[in-house]
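The file target.cif comes next; it holds mmCIF, C-alpha atoms.
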```cif
data_target
#
loop_
_atom_site.label_atom_id
_atom_site.label_comp_id
_atom_site.auth_asym_id
_atom_site.auth_seq_id
_atom_site.Cartn_x
_atom_site.Cartn_y
_atom_site.Cartn_z
CA MET A 14 192.47 -22.18 66.69
CA ASP A 15 193.19 -22.70 63.00
CA HIS A 16 189.58 -22.30 61.86
CA ASP A 17 190.03 -23.55 58.28
CA GLY A 18 192.33 -26.40 59.29
CA VAL A 19 190.01 -27.68 62.01
CA LEU A 20 187.02 -27.47 59.67
CA ARG A 21 188.90 -29.49 57.04
CA GLU A 22 189.73 -32.14 59.63
CA PHE A 23 186.14 -32.23 60.86
CA ASP A 24 184.90 -32.81 57.32
CA ARG A 25 187.54 -35.45 56.65
CA GLN A 26 187.22 -37.37 59.90
CA MET A 27 183.58 -36.96 60.91
CA ARG A 28 181.79 -36.68 57.58
CA GLU A 29 183.65 -38.07 54.57
CA GLY A 30 185.50 -40.61 56.72
CA ALA A 31 182.60 -41.51 59.02
CA ARG A 32 182.52 -45.16 60.05
CA ALA A 33 180.05 -47.41 61.80
CA ASP A 34 182.88 -49.25 63.59
CA GLY A 35 180.72 -51.96 65.02
CA LEU A 36 177.76 -49.89 66.15
CA PRO A 37 174.91 -52.42 66.26
CA GLY A 38 172.94 -52.48 63.01
CA VAL A 39 174.44 -49.24 61.65
CA ARG A 40 175.77 -48.97 58.09
CA VAL A 41 177.87 -46.10 56.74
CA GLU A 42 178.70 -46.16 53.05
CA ARG A 43 180.01 -44.03 50.22
CA ALA A 44 177.41 -43.78 47.47
CA GLY A 45 178.66 -41.73 44.55
CA ALA A 46 179.01 -38.12 45.65
CA VAL A 47 177.71 -38.65 49.20
CA VAL A 48 178.34 -40.58 52.40
CA ARG A 49 175.14 -41.88 53.96
CA ALA A 50 174.19 -43.78 57.10
CA GLY A 51 171.31 -45.97 58.12
CA GLY A 52 170.33 -48.92 60.21
CA SER A 53 167.41 -50.23 62.21
CA GLU A 54 164.14 -48.53 63.09
CA HIS A 55 165.56 -46.33 65.85
CA ASP A 56 168.83 -45.40 64.13
CA TRP A 57 169.57 -42.13 62.36
CA HIS A 58 169.17 -42.29 58.58
CA GLY A 59 170.64 -39.70 56.29
CA VAL A 60 173.39 -38.03 54.30
CA LEU A 61 176.44 -37.02 56.32
CA TRP A 62 178.64 -35.55 53.58
CA SER A 63 178.55 -34.51 49.96
CA ALA A 64 181.59 -34.05 47.75
CA PRO A 65 183.00 -30.49 47.69
CA ASP A 66 183.04 -30.62 43.89
CA LEU A 67 179.34 -31.48 43.68
CA ASN A 68 178.10 -29.00 41.08
CA GLU A 69 174.78 -27.71 39.82
CA ASP A 70 174.65 -30.28 37.02
CA ALA A 71 175.10 -33.26 39.36
CA ALA A 72 173.32 -32.08 42.51
CA ASP A 73 169.73 -32.82 41.48
CA ALA A 74 170.68 -36.33 40.35
CA ALA A 75 172.47 -36.99 43.65
CA ILE A 76 169.42 -35.83 45.60
CA ALA A 77 167.08 -37.99 43.52
CA THR A 78 169.30 -41.02 44.03
CA GLN A 79 169.23 -40.65 47.81
CA ILE A 80 165.46 -40.14 47.86
CA ALA A 81 165.04 -43.33 45.85
CA HIS A 82 167.40 -45.24 48.13
CA PHE A 83 165.71 -44.30 51.41
CA ARG A 84 162.22 -44.59 49.95
CA SER A 85 163.06 -48.15 48.94
CA LEU A 86 163.83 -48.81 52.60
CA GLY A 87 160.66 -47.04 53.75
CA ARG A 88 162.73 -44.64 55.82
CA GLU A 89 162.40 -40.98 56.62
CA PHE A 90 165.87 -39.48 56.30
CA GLU A 91 167.88 -36.32 56.83
CA TRP A 92 170.32 -34.54 54.54
CA LYS A 93 172.67 -32.81 57.00
CA LEU A 94 173.66 -29.67 55.11
CA TYR A 95 176.58 -27.54 56.28
CA GLY A 96 177.01 -23.86 55.48
CA HIS A 97 180.17 -24.47 53.45
CA ASP A 98 178.74 -27.32 51.34
CA ARG A 99 178.45 -26.98 47.58
CA PRO A 100 176.80 -26.07 45.34
CA VAL A 101 175.81 -22.82 47.02
CA ASP A 102 172.15 -23.37 46.16
CA LEU A 103 172.01 -26.93 47.54
CA ALA A 104 169.50 -25.87 50.21
CA ALA A 105 167.11 -24.55 47.57
CA ARG A 106 167.50 -27.75 45.57
CA LEU A 107 166.67 -29.89 48.60
CA LEU A 108 163.55 -27.83 49.29
CA ALA A 109 162.49 -28.15 45.65
CA ALA A 110 162.91 -31.93 45.90
CA GLY A 111 160.45 -32.14 48.80
CA PHE A 112 162.67 -31.79 51.88
CA SER A 113 161.68 -29.69 54.90
CA ALA A 114 164.28 -27.53 56.63
CA GLU A 115 164.67 -27.70 60.40
CA PRO A 116 166.19 -24.80 62.38
CA THR A 117 169.81 -24.02 61.53
CA GLU A 118 172.39 -24.70 64.24
CA ALA A 119 175.99 -23.59 64.72
CA LEU A 120 178.80 -26.12 64.33
CA MET A 121 181.00 -25.27 67.31
CA VAL A 122 184.34 -26.71 68.43
CA ALA A 123 186.62 -26.24 71.44
CA GLU A 124 189.89 -27.71 72.68
CA THR A 125 188.98 -30.48 75.11
CA GLU A 126 191.71 -29.73 77.65
CA ALA A 127 190.42 -26.17 78.13
CA LEU A 128 187.09 -27.41 79.49
CA THR A 129 187.97 -30.05 82.06
CA ALA A 130 187.86 -27.90 85.21
CA ASP A 131 185.31 -28.87 87.85
CA VAL A 132 182.10 -26.86 88.04
CA GLU A 133 180.47 -26.60 91.46
CA LEU A 134 176.95 -27.97 91.47
CA PRO A 135 174.06 -26.39 93.36
CA LYS A 136 173.55 -27.85 96.81
CA GLY A 137 171.67 -31.14 96.77
CA LEU A 138 172.50 -32.07 93.17
CA ARG A 139 174.69 -34.93 92.00
CA LEU A 140 175.83 -36.26 88.64
CA LEU A 141 174.89 -39.87 87.91
CA PRO A 142 176.66 -41.74 85.08
CA VAL A 143 174.19 -43.43 82.76
CA THR A 144 175.27 -47.03 82.27
CA ASP A 145 172.10 -49.09 81.90
CA ALA A 146 168.44 -49.02 80.87
CA ALA A 147 167.33 -47.54 84.19
CA GLY A 148 169.73 -44.65 83.74
CA VAL A 149 168.49 -44.10 80.19
CA GLU A 150 164.94 -43.81 81.49
CA LEU A 151 166.02 -41.15 83.99
CA MET A 152 167.82 -39.31 81.20
CA ALA A 153 164.75 -39.45 78.95
CA ARG A 154 162.55 -38.03 81.73
CA ALA A 155 164.87 -35.04 82.15
CA GLN A 156 165.17 -34.37 78.43
CA GLU A 157 161.47 -34.73 77.70
CA ARG A 158 160.78 -32.10 80.35
CA ALA A 159 163.61 -29.89 79.08
CA PHE A 160 162.78 -30.07 75.37
CA GLY A 161 159.10 -30.96 75.36
CA THR A 162 159.71 -33.71 72.79
CA ASP A 163 159.43 -37.48 72.80
CA ARG A 164 162.80 -39.23 73.27
CA THR A 165 161.72 -42.79 72.50
CA ASP A 166 164.00 -43.34 69.50
CA LEU A 167 167.03 -41.76 71.16
CA SER A 168 166.46 -43.78 74.31
CA ALA A 169 166.13 -47.03 72.37
CA ARG A 170 169.34 -46.31 70.45
CA LEU A 171 171.25 -45.38 73.60
CA LYS A 172 170.19 -48.57 75.36
CA VAL A 173 171.58 -50.61 72.48
CA GLN A 174 174.82 -48.62 72.46
CA LEU A 175 175.35 -49.04 76.20
CA ALA A 176 174.72 -52.76 75.94
CA GLU A 177 176.70 -53.53 72.78
CA ALA A 178 179.18 -50.68 72.21
CA PRO A 179 179.66 -48.91 75.56
CA ASP A 180 183.06 -47.53 74.58
CA ARG A 181 181.39 -45.40 71.87
CA VAL A 182 179.12 -43.36 74.13
CA SER A 183 179.05 -41.65 77.52
CA ALA A 184 175.94 -40.24 79.19
CA VAL A 185 175.16 -38.48 82.43
CA VAL A 186 172.11 -37.23 84.30
CA ALA A 187 171.93 -34.60 87.06
CA MET A 188 169.73 -35.65 89.97
CA ALA A 189 167.96 -33.46 92.50
CA GLY A 190 167.22 -36.13 95.06
CA ASP A 191 165.36 -38.78 93.08
CA THR A 192 164.33 -36.38 90.29
CA PRO A 193 166.32 -36.10 87.04
CA VAL A 194 166.69 -32.42 86.12
CA SER A 195 169.40 -32.31 83.44
CA ALA A 196 171.05 -34.80 81.10
CA ALA A 197 173.44 -35.13 78.19
CA ARG A 198 175.42 -37.65 76.21
CA MET A 199 178.67 -37.80 74.25
CA GLU A 200 179.55 -39.79 71.14
CA LEU A 201 183.14 -41.13 71.03
CA PRO A 202 183.93 -42.21 67.46
CA PRO A 203 187.19 -44.19 67.42
CA GLY A 204 190.08 -43.06 65.26
CA THR A 205 189.05 -39.38 65.30
CA GLU A 206 190.03 -36.25 67.22
CA PHE A 207 186.43 -35.14 67.79
CA ALA A 208 184.07 -36.17 70.57
CA GLY A 209 180.50 -35.05 69.95
CA LEU A 210 178.36 -33.45 72.66
CA TRP A 211 174.64 -34.10 72.20
CA GLY A 212 171.32 -33.71 73.95
CA GLY A 213 172.33 -31.34 76.74
CA GLY A 214 169.10 -30.14 78.32
CA THR A 215 167.99 -28.82 81.70
CA VAL A 216 164.42 -28.52 83.00
CA GLU A 217 163.28 -24.92 83.18
CA GLU A 218 163.34 -24.40 86.93
CA TRP A 219 166.99 -25.50 87.13
CA ARG A 220 168.35 -23.36 84.28
CA GLY A 221 170.90 -20.66 84.98
CA LYS A 222 172.48 -22.60 87.86
CA GLY A 223 175.55 -23.98 86.08
CA LEU A 224 174.23 -27.44 85.20
CA TYR A 225 174.90 -27.09 81.47
CA ARG A 226 178.51 -26.07 82.17
CA ALA A 227 178.88 -28.93 84.65
CA LEU A 228 177.72 -31.49 82.10
CA VAL A 229 180.14 -30.10 79.51
CA ALA A 230 183.03 -30.31 81.98
CA TYR A 231 182.05 -33.84 83.03
CA ARG A 232 182.13 -35.02 79.44
CA ALA A 233 185.29 -33.05 78.63
CA ARG A 234 187.20 -34.91 81.34
CA ILE A 235 186.14 -38.25 79.87
CA ALA A 236 187.03 -37.13 76.34
CA ALA A 237 190.43 -35.86 77.46
CA ALA A 238 191.19 -39.13 79.22
CA ARG A 239 190.31 -40.96 76.00
CA GLY A 240 192.62 -38.78 73.90
CA TYR A 241 190.09 -36.63 72.01
CA ARG A 242 191.55 -33.25 71.09
CA TYR A 243 188.27 -31.47 70.32
CA LEU A 244 184.70 -31.30 71.54
CA GLN A 245 182.09 -30.66 68.85
CA VAL A 246 178.53 -29.40 69.29
CA ASP A 247 175.63 -28.61 66.96
CA ALA A 248 174.45 -25.63 68.99
CA THR A 249 170.96 -24.16 69.11
CA ASP A 250 170.41 -20.43 69.58
CA MET A 251 169.81 -21.16 73.27
CA SER A 252 173.07 -23.01 73.90
CA ARG A 253 175.33 -21.05 71.54
CA PRO A 254 175.93 -18.06 73.90
CA VAL A 255 176.78 -20.40 76.79
CA LEU A 256 179.20 -22.37 74.63
CA GLN A 257 180.85 -19.22 73.34
CA ARG A 258 181.44 -18.08 76.91
CA LEU A 259 183.06 -21.45 77.61
CA GLY A 260 185.43 -20.95 74.66
CA PHE A 261 183.74 -22.76 71.78
CA THR A 262 184.32 -21.36 68.29
CA VAL A 263 181.82 -21.39 65.42
CA LEU A 264 183.24 -23.30 62.44
CA SER A 265 180.17 -23.37 60.21
CA THR A 266 176.42 -23.87 60.35
CA THR A 267 174.41 -27.04 59.93
CA THR A 268 170.79 -27.39 58.85
CA PRO A 269 168.87 -30.69 58.90
CA PHE A 270 166.77 -31.16 55.77
CA THR A 271 164.24 -33.93 56.37
CA TYR A 272 162.52 -36.03 53.71
CA ARG A 273 159.38 -37.88 54.76
CA PRO A 274 158.13 -40.37 52.17
CA GLN A 275 154.40 -40.15 51.59
CA ALA A 276 152.32 -43.27 51.86
CA PRO A 277 151.23 -44.76 48.52
CA GLY A 278 147.91 -43.32 47.48
CA SER A 279 148.09 -40.28 49.75
CA PRO A 280 147.61 -36.80 48.23
CA GLY A 281 150.77 -35.75 46.43
CA ALA A 282 152.42 -39.17 46.69
CA ARG A 283 154.63 -40.10 43.79
CA GLY A 284 155.03 -43.58 42.41
#
```
Written as C-alpha cells, how would this file's structure read?
Amino acid sequence: MDHDGVLREFDRQMREGARADGLPGVRVERAGAVVRAGGSEHDWHGVLWSAPDLNEDAADAAIATQIAHFRSLGREFEWKLYGHDRPVDLAARLLAAGFSAEPTEALMVAETEALTADVELPKGLRLLPVTDAAGVELMARAQERAFGTDRTDLSARLKVQLAEAPDRVSAVVAMAGDTPVSAARMELPPGTEFAGLWGGGTVEEWRGKGLYRALVAYRARIAAARGYRYLQVDATDMSRPVLQRLGFTVLSTTTPFTYRPQAPGSPGARG
C-alpha cells in the first residue's frame, strides 16, 4: 500500500471533502481554515479537518472561532485531531483552550477485497442484518454490554439513517439464540473510496471466538459490492492487534478533543 498516497486521499475525500449528501439534518461546511459538521441533538458535532498550512499565528484564532460557533448553538463538540495535522503543537493549543483529550486511536486502512472471505461462526450463532428500529435496539443491547457505555445517541442517529438514508449505512448484530452478543456498523459515504467501520464490539464471554473478524468480513463484502476500495477504522488498543493480523495498516493516529460549554453562572464559565 502506498502509505502517503492513501493518507492524502483519505484527507482529501473523507476530511476536507466531507459532505452531508442528504443525511437528515446534518450540515458539513467549510469555515475558514476548518471543515466542521453538525446537526440535530443526536448528531456528531465537530471539526473534521484543518488546513495543512494552519500555522502557530492562526491556530488560536481558528480554535476560538469554532468554540464561539458551537457555543452559540449550545453544543458540545469534538475537534478530531490527526497525528499529521499542523501546527505540531495543535494538541497543546486545544488543551489550553479548554478541550479535554480522549484516548488516542490508530487510523487504520485495508484493501476491501482482501477481507471478504467468509469466517466460520461458533455453533449456534447467526448474523442478523440491522434494518429497522427493532434491530437497532438489539445492536444497542450488545454494544452497551460490550463497552459499558450508553448508546442512546448512536441508536437514535442510526434509526434516522436507516429510515431516511439507508444507502449510507449498514449494520449487523450477532445473535446467540435470542441474545445479541456482538454488533457493528459501517458508514458508506457516496463518492469516496473509503467505507468506515464503526462500533464493533463483542460481549466479554464471546470474545476470542472470531466474531470480530466475522463482522469485518460481513461488512467488507457489502463494501466491495458497492465499489469501495478501502475499509477505514479508528482502532482502539484492543482492536488494533486484531486488525493488524487481518491486514490493516496504520496510516496515522487520531485523538478526539472534546469541548463542553459550561452553563452560564457555573464556576469557571466565561461570558
- prompt: Do you know which residues the PyMOL selection byres ((chain A and resi 260) around 9) returns on this file, as a PyMOL selection string?
  reply: chain A and resi 122-124+127-128+255-259+261-262
task: Translate the PyMOL selection byres ((chain A and resi 135) around 9), as applied to the file shown, into an explicit residue set as a count of residues only.
output: 9
field: Polymer residues at most 8 Å from Leu107 in chain A, all atoms listed in the file, same-chain spacing of 5 or more positions, as a PyMOL selection string
entry: chain A and resi 76+112+270
Can you spit out the residues from that selection as a PDB file, in the coordinates of the input, using C-alpha atoms?
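Okay, this is what ended up in again_17.pdb:
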```
ATOM      1  CA  ILE A  76     169.420 -35.830  45.600  1.00  0.00           C
ATOM      2  CA  PHE A 112     162.670 -31.790  51.880  1.00  0.00           C
ATOM      3  CA  PHE A 270     166.770 -31.160  55.770  1.00  0.00           C
TER       4      PHE A 270
END
```
task: Check which residues satisfy the PyMOL selection byres ((chain A and resi 40-49) around 12) in the file shown, then give them as a count of residues only.
output: 50
Nearest candidate to Asp247 in chain A (options A:Glu218, A:Arg234, A:Met121, A:Ala178; using only C-alpha atoms): A:Met121
message: If we count only C-alpha atoms and set the cut-off at 12 Å, which residues sit around Leu228 in chain A, ignoring sequence neighbours fewer than 5 positions away in its own chain? Please answer as a ChimeraX atom specification.
response: /A:128-134,139-142,183-188,194-199,210-215,222-223,233-235,256
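Our summary of the geometry notes that CA of Arg158 in chain A is positioned 11.4 Å from CA of Thr192 in chain A.
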Given all atoms listed in the file as the counted atoms, nearest of A:Gly96, A:Leu103, A:Arg88, A:Gln245 to Glu69 in chain A: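 Using all atoms listed in the file, Glu69 in chain A sits closest to A:Leu103.
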